[in-house]
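**Student:** File name entry03.pdb; file contents PDB, C-alpha atoms; full text below.
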```pdb
ATOM      1  CA  MET P   1     -44.517   8.292  56.620
ATOM      2  CA  THR P   2     -47.977   7.561  55.230
ATOM      3  CA  LYS P   3     -48.677   5.083  52.469
ATOM      4  CA  GLU P   4     -49.534   7.969  50.141
ATOM      5  CA  GLU P   5     -46.213   9.691  50.911
ATOM      6  CA  LYS P   6     -44.309   6.480  50.193
ATOM      7  CA  ILE P   7     -46.097   6.057  46.862
ATOM      8  CA  ALA P   8     -45.325   9.695  46.054
ATOM      9  CA  LEU P   9     -41.646   8.976  46.754
ATOM     10  CA  LEU P  10     -41.754   6.118  44.279
ATOM     11  CA  GLU P  11     -43.516   8.238  41.662
ATOM     12  CA  ASP P  12     -40.882  10.924  42.091
ATOM     13  CA  MET P  13     -38.082   8.379  41.844
ATOM     14  CA  LEU P  14     -39.561   6.985  38.630
ATOM     15  CA  ASP P  15     -40.331  10.452  37.284
ATOM     16  CA  LEU P  16     -44.036   9.585  37.026
ATOM     17  CA  GLU P  17     -47.011  11.906  37.325
ATOM     18  CA  SER P  18     -48.663  12.014  40.716
ATOM     19  CA  GLY P  19     -51.459   9.470  41.007
ATOM     20  CA  VAL P  20     -50.084   7.017  38.422
ATOM     21  CA  LEU P  21     -49.110   4.372  40.962
ATOM     22  CA  THR P  22     -51.355   2.439  43.295
ATOM     23  CA  ALA P  23     -50.413  -0.292  45.737
ATOM     24  CA  GLU P  24     -51.766  -2.832  43.250
ATOM     25  CA  THR P  25     -49.704  -1.615  40.300
ATOM     26  CA  GLU P  26     -47.565  -4.403  38.899
ATOM     27  CA  LEU P  27     -43.943  -3.337  38.619
ATOM     28  CA  SER P  28     -43.542  -5.180  35.320
ATOM     29  CA  SER P  29     -46.138  -2.823  33.807
ATOM     30  CA  ILE P  30     -44.006   0.248  34.522
ATOM     31  CA  ASP P  31     -41.667   1.021  31.605
ATOM     32  CA  GLU P  32     -39.611   3.326  33.814
ATOM     33  CA  TYR P  33     -38.859   0.513  36.291
ATOM     34  CA  ASP P  34     -35.575  -0.448  34.659
ATOM     35  CA  SER P  35     -32.225  -1.420  36.141
ATOM     36  CA  MET P  36     -31.290   2.207  36.814
ATOM     37  CA  ALA P  37     -34.591   2.711  38.633
ATOM     38  CA  LYS P  38     -33.828  -0.374  40.721
ATOM     39  CA  LEU P  39     -30.469   1.119  41.668
ATOM     40  CA  SER P  40     -32.296   4.318  42.646
ATOM     41  CA  LEU P  41     -34.658   2.179  44.747
ATOM     42  CA  ILE P  42     -31.708   0.668  46.610
ATOM     43  CA  VAL P  43     -30.394   4.180  47.289
ATOM     44  CA  LEU P  44     -33.835   5.389  48.375
ATOM     45  CA  MET P  45     -34.250   2.522  50.834
ATOM     46  CA  ASP P  46     -30.892   3.410  52.364
ATOM     47  CA  ASP P  47     -31.407   7.190  52.422
ATOM     48  CA  GLU P  48     -35.057   7.344  53.524
ATOM     49  CA  PHE P  49     -35.557   4.131  55.485
ATOM     50  CA  SER P  50     -32.036   3.073  56.501
ATOM     51  CA  LYS P  51     -32.714  -0.337  54.986
ATOM     52  CA  LYS P  52     -30.366  -2.458  52.940
ATOM     53  CA  LEU P  53     -32.043  -3.764  49.816
ATOM     54  CA  THR P  54     -30.351  -6.487  47.810
ATOM     55  CA  GLY P  55     -30.667  -7.394  44.157
ATOM     56  CA  GLU P  56     -32.284 -10.663  45.169
ATOM     57  CA  GLN P  57     -34.935  -8.887  47.209
ATOM     58  CA  ILE P  58     -35.629  -6.478  44.349
ATOM     59  CA  SER P  59     -36.152  -9.375  41.987
ATOM     60  CA  ALA P  60     -38.829 -10.718  44.318
ATOM     61  CA  PHE P  61     -40.901  -7.505  44.225
ATOM     62  CA  LYS P  62     -43.936  -7.948  41.985
ATOM     63  CA  THR P  63     -46.172  -5.018  42.958
ATOM     64  CA  VAL P  64     -45.862  -1.583  44.489
ATOM     65  CA  GLN P  65     -47.329  -3.105  47.656
ATOM     66  CA  ASP P  66     -44.314  -5.416  47.911
ATOM     67  CA  VAL P  67     -42.068  -2.339  47.892
ATOM     68  CA  LEU P  68     -44.249  -0.594  50.479
ATOM     69  CA  ASP P  69     -44.103  -3.690  52.683
ATOM     70  CA  PHE P  70     -40.315  -3.618  52.531
ATOM     71  CA  MET P  71     -40.291   0.052  53.492
ATOM     72  CA  GLY P  72     -42.152  -0.964  56.628
ATOM     73  CA  GLU P  73     -43.939   1.216  59.140
TER      74      GLU P  73
ATOM     75  CA  MET T   1       2.433  11.304  16.954
ATOM     76  CA  MET T   2      -0.460  11.211  19.352
ATOM     77  CA  GLN T   3      -2.750   8.208  19.649
ATOM     78  CA  VAL T   4      -5.672   7.196  21.811
ATOM     79  CA  LYS T   5      -6.225   3.621  22.987
ATOM     80  CA  GLN T   6      -9.567   2.382  24.275
ATOM     81  CA  ILE T   7      -9.392   0.107  27.303
ATOM     82  CA  GLN T   8     -12.395  -2.189  27.615
ATOM     83  CA  ASN T   9     -13.212  -3.021  31.218
ATOM     84  CA  LYS T  10     -15.456  -6.036  31.910
ATOM     85  CA  PHE T  11     -16.986  -4.209  34.854
ATOM     86  CA  PHE T  12     -20.078  -2.440  33.561
ATOM     87  CA  ALA T  13     -18.553  -2.538  30.059
ATOM     88  CA  VAL T  14     -16.927   0.777  30.918
ATOM     89  CA  ALA T  15     -14.363   2.293  28.573
ATOM     90  CA  ASN T  16     -11.222   4.064  29.687
ATOM     91  CA  TYR T  17      -8.927   5.827  27.239
ATOM     92  CA  LEU T  18      -5.161   6.138  27.240
ATOM     93  CA  ILE T  19      -3.655   9.155  25.491
ATOM     94  CA  ILE T  20      -0.131   8.542  24.254
ATOM     95  CA  ASP T  21       2.438  10.603  22.390
ATOM     96  CA  ASP T  22       5.213   8.613  20.683
ATOM     97  CA  ALA T  23       7.795  11.189  21.782
ATOM     98  CA  ALA T  24       6.851  11.067  25.467
ATOM     99  CA  ASN T  25       7.566   8.498  28.166
ATOM    100  CA  TYR T  26       4.367   9.419  29.988
ATOM    101  CA  CYS T  27       0.710   9.257  29.099
ATOM    102  CA  TRP T  28      -2.740  10.328  30.279
ATOM    103  CA  LEU T  29      -5.957   8.547  31.143
ATOM    104  CA  VAL T  30      -9.622   9.331  30.743
ATOM    105  CA  ASP T  31     -11.474   7.536  33.539
ATOM    106  CA  VAL T  32      -9.809   4.780  35.513
ATOM    107  CA  GLY T  33     -10.800   1.131  35.823
ATOM    108  CA  ASP T  34      -8.829  -2.104  35.904
ATOM    109  CA  ILE T  35      -5.213  -1.110  36.625
ATOM    110  CA  SER T  36      -3.774  -4.255  35.016
ATOM    111  CA  LEU T  37      -5.439  -3.394  31.703
ATOM    112  CA  ILE T  38      -4.236   0.202  32.027
ATOM    113  CA  LYS T  39      -0.637  -0.835  32.713
ATOM    114  CA  ASP T  40      -0.702  -3.232  29.736
ATOM    115  CA  ALA T  41      -1.896  -0.457  27.470
ATOM    116  CA  ALA T  42       0.650   2.034  28.865
ATOM    117  CA  GLU T  43       3.540  -0.296  27.970
ATOM    118  CA  GLY T  44       5.863   1.020  30.638
ATOM    119  CA  ARG T  45       4.945   4.700  30.373
ATOM    120  CA  ALA T  46       4.159   6.601  33.560
ATOM    121  CA  ILE T  47       0.612   7.905  33.900
ATOM    122  CA  LYS T  48       0.799  11.604  34.594
ATOM    123  CA  GLY T  49      -2.875  12.256  35.166
ATOM    124  CA  VAL T  50      -6.424  10.980  34.852
ATOM    125  CA  PHE T  51      -9.308  13.069  33.570
ATOM    126  CA  LEU T  52     -12.571  11.906  35.127
ATOM    127  CA  THR T  53     -15.702  12.258  33.008
ATOM    128  CA  HIS T  54     -17.605  11.929  36.296
ATOM    129  CA  SER T  55     -17.195  10.163  39.624
ATOM    130  CA  HIS T  56     -19.735   7.351  39.441
ATOM    131  CA  HIS T  57     -17.873   4.302  40.647
ATOM    132  CA  ASP T  58     -17.805   2.471  37.337
ATOM    133  CA  HIS T  59     -15.703   5.334  35.936
ATOM    134  CA  MET T  60     -13.231   5.598  38.796
ATOM    135  CA  PHE T  61     -13.098   2.193  40.496
ATOM    136  CA  GLY T  62      -9.357   1.825  39.853
ATOM    137  CA  ILE T  63      -8.448   5.189  41.394
ATOM    138  CA  ASN T  64      -6.719   3.832  44.488
ATOM    139  CA  ASP T  65      -4.721   1.277  42.470
ATOM    140  CA  LEU T  66      -3.735   4.086  40.098
ATOM    141  CA  MET T  67      -2.520   6.357  42.889
ATOM    142  CA  GLU T  68      -0.590   3.512  44.494
ATOM    143  CA  ALA T  69       1.146   2.711  41.199
ATOM    144  CA  TYR T  70       1.696   6.345  40.183
ATOM    145  CA  PRO T  71       1.756   8.510  43.356
ATOM    146  CA  ASP T  72       2.521  11.713  41.418
ATOM    147  CA  CYS T  73      -0.497  11.282  39.162
ATOM    148  CA  ASN T  74      -2.994  14.159  39.198
ATOM    149  CA  ILE T  75      -6.753  13.645  39.148
ATOM    150  CA  TYR T  76      -8.668  16.161  37.037
ATOM    151  CA  LEU T  77     -12.371  16.480  37.734
ATOM    152  CA  SER T  78     -15.276  18.844  38.074
ATOM    153  CA  GLU T  79     -15.443  20.590  41.443
ATOM    154  CA  ALA T  80     -18.860  18.975  41.871
ATOM    155  CA  GLY T  81     -17.239  15.550  41.660
ATOM    156  CA  VAL T  82     -14.943  15.861  44.666
ATOM    157  CA  ALA T  83     -17.638  14.909  47.186
ATOM    158  CA  VAL T  84     -18.850  12.082  44.942
ATOM    159  CA  LEU T  85     -15.332  10.696  44.587
ATOM    160  CA  ALA T  86     -14.945  10.718  48.353
ATOM    161  CA  SER T  87     -18.221   8.970  49.214
ATOM    162  CA  ASP T  88     -19.123   5.356  48.494
ATOM    163  CA  LYS T  89     -22.771   6.400  48.919
ATOM    164  CA  LEU T  90     -22.650   9.255  46.429
ATOM    165  CA  ASN T  91     -20.576   7.340  43.890
ATOM    166  CA  PHE T  92     -22.924   4.310  44.270
ATOM    167  CA  SER T  93     -20.197   1.768  44.989
ATOM    168  CA  LYS T  94     -21.790   1.109  48.397
ATOM    169  CA  TYR T  95     -24.808  -0.339  46.576
ATOM    170  CA  VAL T  96     -23.263  -2.198  43.688
ATOM    171  CA  GLY T  97     -19.653  -2.751  44.768
ATOM    172  CA  PRO T  98     -16.728  -3.051  44.847
ATOM    173  CA  VAL T  99     -16.765  -0.300  47.449
ATOM    174  CA  VAL T 100     -14.386   2.465  46.449
ATOM    175  CA  SER T 101     -13.771   6.081  47.369
ATOM    176  CA  TYR T 102     -10.891   8.522  47.235
ATOM    177  CA  GLN T 103     -10.231  11.249  49.759
ATOM    178  CA  GLY T 104      -6.619  11.925  48.892
ATOM    179  CA  SER T 105      -4.908  14.939  47.400
ATOM    180  CA  ASN T 106      -3.545  15.464  43.866
ATOM    181  CA  LEU T 107      -6.949  16.793  42.783
ATOM    182  CA  VAL T 108      -7.135  19.448  40.084
ATOM    183  CA  THR T 109     -10.670  20.787  39.942
ATOM    184  CA  PHE T 110     -12.549  23.140  37.658
ATOM    185  CA  ASN T 111     -16.101  24.441  37.335
ATOM    186  CA  GLU T 112     -15.968  25.985  33.874
ATOM    187  CA  ILE T 113     -14.301  25.287  30.540
ATOM    188  CA  LYS T 114     -10.578  24.873  31.081
ATOM    189  CA  GLU T 115      -7.598  23.695  29.066
ATOM    190  CA  PHE T 116      -4.771  21.536  30.317
ATOM    191  CA  GLU T 117      -1.532  20.812  28.512
ATOM    192  CA  LEU T 118      -0.852  17.125  27.940
ATOM    193  CA  PHE T 119       2.248  17.264  25.724
ATOM    194  CA  PRO T 120       4.079  20.238  24.188
ATOM    195  CA  ASP T 121       1.504  22.060  22.009
ATOM    196  CA  ILE T 122      -1.167  19.474  22.718
ATOM    197  CA  ALA T 123      -3.938  20.435  25.117
ATOM    198  CA  ILE T 124      -7.176  18.855  26.274
ATOM    199  CA  LYS T 125     -10.240  20.991  26.898
ATOM    200  CA  ALA T 126     -12.491  20.149  29.846
ATOM    201  CA  ILE T 127     -16.118  21.144  29.208
ATOM    202  CA  PRO T 128     -18.690  20.692  31.988
ATOM    203  CA  THR T 129     -21.721  18.851  30.545
ATOM    204  CA  PRO T 130     -23.989  18.134  33.542
ATOM    205  CA  GLY T 131     -27.196  16.155  33.285
ATOM    206  CA  HIS T 132     -26.298  12.494  33.762
ATOM    207  CA  SER T 133     -24.681  13.767  36.965
ATOM    208  CA  LYS T 134     -23.824  17.199  38.324
ATOM    209  CA  ASP T 135     -20.143  16.567  37.732
ATOM    210  CA  SER T 136     -20.279  15.188  34.184
ATOM    211  CA  VAL T 137     -17.568  16.547  31.920
ATOM    212  CA  THR T 138     -16.804  16.124  28.232
ATOM    213  CA  TYR T 139     -13.165  16.366  27.171
ATOM    214  CA  LYS T 140     -12.086  17.552  23.724
ATOM    215  CA  LEU T 141      -8.638  16.679  22.432
ATOM    216  CA  ASP T 142      -7.962  17.476  18.797
ATOM    217  CA  ASN T 143     -10.662  15.485  16.949
ATOM    218  CA  TYR T 144     -11.331  13.188  19.918
ATOM    219  CA  LEU T 145     -14.370  13.751  22.107
ATOM    220  CA  PHE T 146     -14.544  11.896  25.428
ATOM    221  CA  THR T 147     -18.157  12.138  26.543
ATOM    222  CA  GLY T 148     -18.391   9.771  29.503
ATOM    223  CA  ASP T 149     -22.069   9.025  30.149
ATOM    224  CA  ALA T 150     -23.178  12.506  29.059
ATOM    225  CA  TYR T 151     -23.590  11.161  25.547
ATOM    226  CA  ILE T 152     -23.425   7.587  24.298
ATOM    227  CA  PRO T 153     -24.654   7.194  20.687
ATOM    228  CA  GLY T 154     -27.892   5.246  20.511
ATOM    229  CA  VAL T 155     -28.376   5.187  24.289
ATOM    230  CA  PRO T 156     -30.711   7.606  26.110
ATOM    231  CA  VAL T 157     -28.819   9.523  28.780
ATOM    232  CA  VAL T 158     -29.576   8.173  32.239
ATOM    233  CA  THR T 159     -30.816  11.032  34.393
ATOM    234  CA  LYS T 160     -32.795   9.211  37.071
ATOM    235  CA  LEU T 161     -29.873   8.573  39.403
ATOM    236  CA  ARG T 162     -29.157  10.983  42.248
ATOM    237  CA  GLY T 163     -27.676  14.178  40.786
ATOM    238  CA  GLY T 164     -29.259  13.626  37.390
ATOM    239  CA  ASP T 165     -31.191  16.405  35.648
ATOM    240  CA  ARG T 166     -33.152  15.802  32.469
ATOM    241  CA  GLY T 167     -33.205  19.460  31.430
ATOM    242  CA  LEU T 168     -29.471  19.911  31.858
ATOM    243  CA  ALA T 169     -28.820  16.610  30.080
ATOM    244  CA  LYS T 170     -30.781  17.833  27.057
ATOM    245  CA  GLN T 171     -28.787  21.070  26.959
ATOM    246  CA  SER T 172     -25.526  19.178  27.329
ATOM    247  CA  ILE T 173     -26.387  16.746  24.523
ATOM    248  CA  GLU T 174     -27.227  19.637  22.208
ATOM    249  CA  PHE T 175     -23.903  21.240  23.021
ATOM    250  CA  ILE T 176     -22.008  17.966  22.530
ATOM    251  CA  HIS T 177     -23.696  17.517  19.145
ATOM    252  CA  SER T 178     -22.433  20.950  18.144
ATOM    253  CA  LEU T 179     -18.884  19.746  18.796
ATOM    254  CA  ILE T 180     -19.213  16.687  16.571
ATOM    255  CA  GLY T 181     -17.843  17.095  13.065
ATOM    256  CA  GLU T 182     -17.080  14.825  10.129
ATOM    257  CA  ASN T 183     -13.772  13.702  11.568
ATOM    258  CA  THR T 184     -14.720  13.496  15.213
ATOM    259  CA  ALA T 185     -13.630  10.315  16.979
ATOM    260  CA  LEU T 186     -16.320   9.833  19.598
ATOM    261  CA  CYS T 187     -15.113   8.129  22.769
ATOM    262  CA  PRO T 188     -18.085   7.394  25.042
ATOM    263  CA  GLY T 189     -17.910   6.093  28.584
ATOM    264  CA  HIS T 190     -19.114   2.555  27.783
ATOM    265  CA  TRP T 191     -17.980   0.222  25.040
ATOM    266  CA  GLY T 192     -20.851  -2.226  25.473
ATOM    267  CA  LYS T 193     -24.118  -2.683  27.366
ATOM    268  CA  SER T 194     -23.527  -2.191  31.083
ATOM    269  CA  GLN T 195     -25.422  -4.765  33.105
ATOM    270  CA  LEU T 196     -26.572  -4.233  36.626
ATOM    271  CA  PRO T 197     -27.023  -7.429  38.649
ATOM    272  CA  PHE T 198     -30.813  -6.992  38.833
TER     273      PHE T 198
END
```
What's the structure tokens form of this structure?

**Tutor:**
Amino acid sequence: MTKEEKIALLEDMLDLESGVLTAETELSSIDEYDSMAKLSLIVLMDDEFSKKLTGEQISAFKTVQDVLDFMGE
Amino acid sequence: MMQVKQIQNKFFAVANYLIIDDAANYCWLVDVGDISLIKDAAEGRAIKGVFLTHSHHDHMFGINDLMEAYPDCNIYLSEAGVAVLASDKLNFSKYVGPVVSYQGSNLVTFNEIKEFELFPDIAIKAIPTPGHSKDSVTYKLDNYLFTGDAYIPGVPVVTKLRGGDRGLAKQSIEFIHSLIGENTALCPGHWGKSQLPF
């Protein structure tokens, strides 16, 4: 999956318009990134990337890039 | 005389409701959480059935304890909820725990408005109100309205979880509002602010 496709996944998950997010976007600046969105992120990591994401790891994410790094190659 | 008791679970501040008739030695539940709280509230009455507002784990996490304690209990839910009930992935318990799922029998499903008798001459109406989830249901019993997470006063409906649909949620809320009158006793799915651990 390309970086752009991964960002598009996140935009879709957060119900954001295409192009709103960049790798540098700070998660704290996104109103939609609430606890329900974080639960959706955990589900997404499992469904799309077969990765287990914990609450502790989520708390450490500061930017979209951090999330992309977790998604991996 | 019929009465409804709210049961306040600590877990996710979720509310269950016990429906009792003074003349009956059995009662009914709306959503199922901590079985010890439920048994306390039932005061020795058997639980004949549980009506699920939807199958997200916070609203059904006590289901296996319930069926162990009351093996003849029926589980009433939207047809769309059967798969959710049976999957710890779909009901989200895999991600937030405790892990719970139910694949047993005793299911009574519906996919349109349906009435079920609770006590002689007293019936509850199951009304599908999707949006928060595909299987969300609102139950109407006399002047009581059990809305689950389809409508919680003052709280925007969560539609961003898997199965959520903002358009359907809006339609469902409008319909629920049309059911609310002066004397309606609103019984939402949470009694307080539900906190996720992140």

**Student:** For chain T against chain P, which residues fall within 9 Å using all atoms listed in the file, given as a list in words?

**Tutor:**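 Every residue meeting the condition is included here: Lys89, Phe92, Tyr95, Val96, Val158, Lys160, Leu161, Arg162, Gln195, Leu196, Pro197 and Phe198 of chain T.
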
**Student:** For Cys187 (chain T), please output as a compact mmCIF listing (two decimals) with C-alpha atoms, keeping the file's coordinate frame all residues within 10 Å (counting only C-alpha atoms; exclusion window: fewer than 4 positions along the same chain).

**Tutor:**
```
# COMPACT_ATOMS: atom_id res chain seq x y z
CA VAL T 4 -5.67 7.20 21.81
CA LYS T 5 -6.22 3.62 22.99
CA GLN T 6 -9.57 2.38 24.28
CA ALA T 15 -14.36 2.29 28.57
CA ASN T 16 -11.22 4.06 29.69
CA TYR T 17 -8.93 5.83 27.24
CA VAL T 30 -9.62 9.33 30.74
CA THR T 138 -16.80 16.12 28.23
CA TYR T 139 -13.16 16.37 27.17
CA LYS T 140 -12.09 17.55 23.72
CA TYR T 144 -11.33 13.19 19.92
CA LEU T 145 -14.37 13.75 22.11
CA PHE T 146 -14.54 11.90 25.43
CA THR T 147 -18.16 12.14 26.54
CA GLY T 148 -18.39 9.77 29.50
CA TYR T 151 -23.59 11.16 25.55
CA ILE T 152 -23.42 7.59 24.30
CA PRO T 153 -24.65 7.19 20.69
CA TRP T 191 -17.98 0.22 25.04
```

**Student:** Do you know which residues are at most 10 Å from Gly72 (chain P) counting all atoms listed in the file, after dropping those on the same chain fewer than 3 positions away, and could you put them as a ChimeraX atom specification?

**Tutor:** /P:1,3,49,51,67-69

**Student:** To one decimal place in Å, what is the distance between CA of Lys94 (chain T) and CA of Leu107 (chain T)?

**Tutor:**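 Between these atoms lies a distance of 22.3 Å.
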
**Student:** Could you write out as a PyMOL selection string the residues that the PyMOL selection byres ((chain T and resi 56) around 12) matches in the shown file?

**Tutor:** chain T and resi 12+14+31-33+52-55+57-63+77+80-97+99-102+132-136+148-149+161-164+189

**Student:** Which residues, written as an MDAnalysis selection string, have at least one atom at most 9 Å from Lys114 (chain T), with all atoms listed in the file counted and residues fewer than 6 positions away on the same chain left out?

**Tutor:** chainID T and resid 124:127

**Student:** Take every atom of region 177-184 of chain T listed in the file, pad by 6 Å on each side, and give me the axis-aligned box centre and edge lengths in Å, one decimal, as lines of an AutoDock Vina configuration file.

**Tutor:**
```
center_x = -18.7
center_y = 17.2
center_z = 14.6
size_x = 21.9
size_y = 19.5
size_z = 21.0
```

**Student:** Carefully work through the PyMOL selection byres ((chain P and resi 7) around 10) for this structure and note down the residues it includes, as a ChimeraX atom specification.

**Tutor:** /P:2-6,8-13,18-23,64-65,67-68

**Student:** How would region 22-31 of chain T look written as a compact mmCIF listing (two decimals), in the first residue's frame with all heavy atoms?

**Tutor:**
```
# COMPACT_ATOMS: atom_id res chain seq x y z
N ASP T 22 -45.30 -6.33 39.22
CA ASP T 22 -45.50 -6.79 40.60
C ASP T 22 -46.19 -8.15 40.66
O ASP T 22 -45.97 -8.93 41.60
CB ASP T 22 -46.35 -5.78 41.39
CG ASP T 22 -45.57 -4.50 41.61
OD1 ASP T 22 -44.34 -4.53 41.46
OD2 ASP T 22 -46.20 -3.47 41.93
N ALA T 23 -47.04 -8.44 39.66
CA ALA T 23 -47.83 -9.67 39.71
C ALA T 23 -47.09 -10.88 39.13
O ALA T 23 -47.60 -11.99 39.16
CB ALA T 23 -49.14 -9.47 38.94
N ALA T 24 -45.89 -10.64 38.61
CA ALA T 24 -45.17 -11.73 37.93
C ALA T 24 -43.91 -12.11 38.69
O ALA T 24 -43.26 -11.26 39.31
CB ALA T 24 -44.81 -11.32 36.50
N ASN T 25 -43.54 -13.39 38.60
CA ASN T 25 -42.31 -13.83 39.26
C ASN T 25 -41.16 -13.91 38.25
O ASN T 25 -40.15 -14.58 38.47
CB ASN T 25 -42.51 -15.20 39.94
CG ASN T 25 -42.90 -16.29 38.95
OD1 ASN T 25 -43.02 -16.02 37.74
ND2 ASN T 25 -43.08 -17.50 39.43
N TYR T 26 -41.34 -13.23 37.12
CA TYR T 26 -40.27 -13.17 36.12
C TYR T 26 -40.17 -11.71 35.66
O TYR T 26 -41.05 -10.90 35.91
CB TYR T 26 -40.57 -14.11 34.94
CG TYR T 26 -41.88 -13.81 34.23
CD1 TYR T 26 -41.94 -12.91 33.18
CD2 TYR T 26 -43.07 -14.41 34.65
CE1 TYR T 26 -43.14 -12.62 32.55
CE2 TYR T 26 -44.27 -14.14 34.02
CZ TYR T 26 -44.30 -13.25 32.98
OH TYR T 26 -45.49 -12.96 32.36
N CYS T 27 -39.06 -11.42 35.01
CA CYS T 27 -38.86 -10.06 34.53
C CYS T 27 -38.06 -10.08 33.23
O CYS T 27 -37.70 -11.15 32.74
CB CYS T 27 -38.15 -9.21 35.59
SG CYS T 27 -36.56 -9.89 36.12
N TRP T 28 -37.83 -8.89 32.68
CA TRP T 28 -37.17 -8.77 31.38
C TRP T 28 -36.05 -7.75 31.47
O TRP T 28 -36.10 -6.83 32.29
CB TRP T 28 -38.19 -8.32 30.32
CG TRP T 28 -39.36 -9.22 30.18
CD1 TRP T 28 -40.50 -9.19 30.94
CD2 TRP T 28 -39.53 -10.28 29.24
NE1 TRP T 28 -41.36 -10.17 30.54
CE2 TRP T 28 -40.81 -10.85 29.48
CE3 TRP T 28 -38.76 -10.79 28.19
CZ2 TRP T 28 -41.29 -11.91 28.72
CZ3 TRP T 28 -39.25 -11.84 27.44
CH2 TRP T 28 -40.51 -12.40 27.71
N LEU T 29 -35.07 -7.93 30.62
CA LEU T 29 -33.92 -7.02 30.60
C LEU T 29 -33.83 -6.27 29.28
O LEU T 29 -34.21 -6.81 28.23
CB LEU T 29 -32.63 -7.84 30.68
CG LEU T 29 -31.84 -7.99 31.97
CD1 LEU T 29 -30.59 -8.80 31.69
CD2 LEU T 29 -31.47 -6.63 32.57
N VAL T 30 -33.27 -5.06 29.36
CA VAL T 30 -32.84 -4.40 28.12
C VAL T 30 -31.34 -4.23 28.26
O VAL T 30 -30.86 -3.57 29.19
CB VAL T 30 -33.52 -3.02 27.95
CG1 VAL T 30 -32.96 -2.33 26.69
CG2 VAL T 30 -35.02 -3.16 27.85
N ASP T 31 -30.60 -4.87 27.38
CA ASP T 31 -29.14 -4.97 27.41
C ASP T 31 -28.68 -5.71 28.66
O ASP T 31 -29.40 -5.76 29.68
CB ASP T 31 -28.47 -3.60 27.27
CG ASP T 31 -28.65 -3.02 25.88
OD1 ASP T 31 -29.01 -3.79 24.95
OD2 ASP T 31 -28.43 -1.82 25.68
```
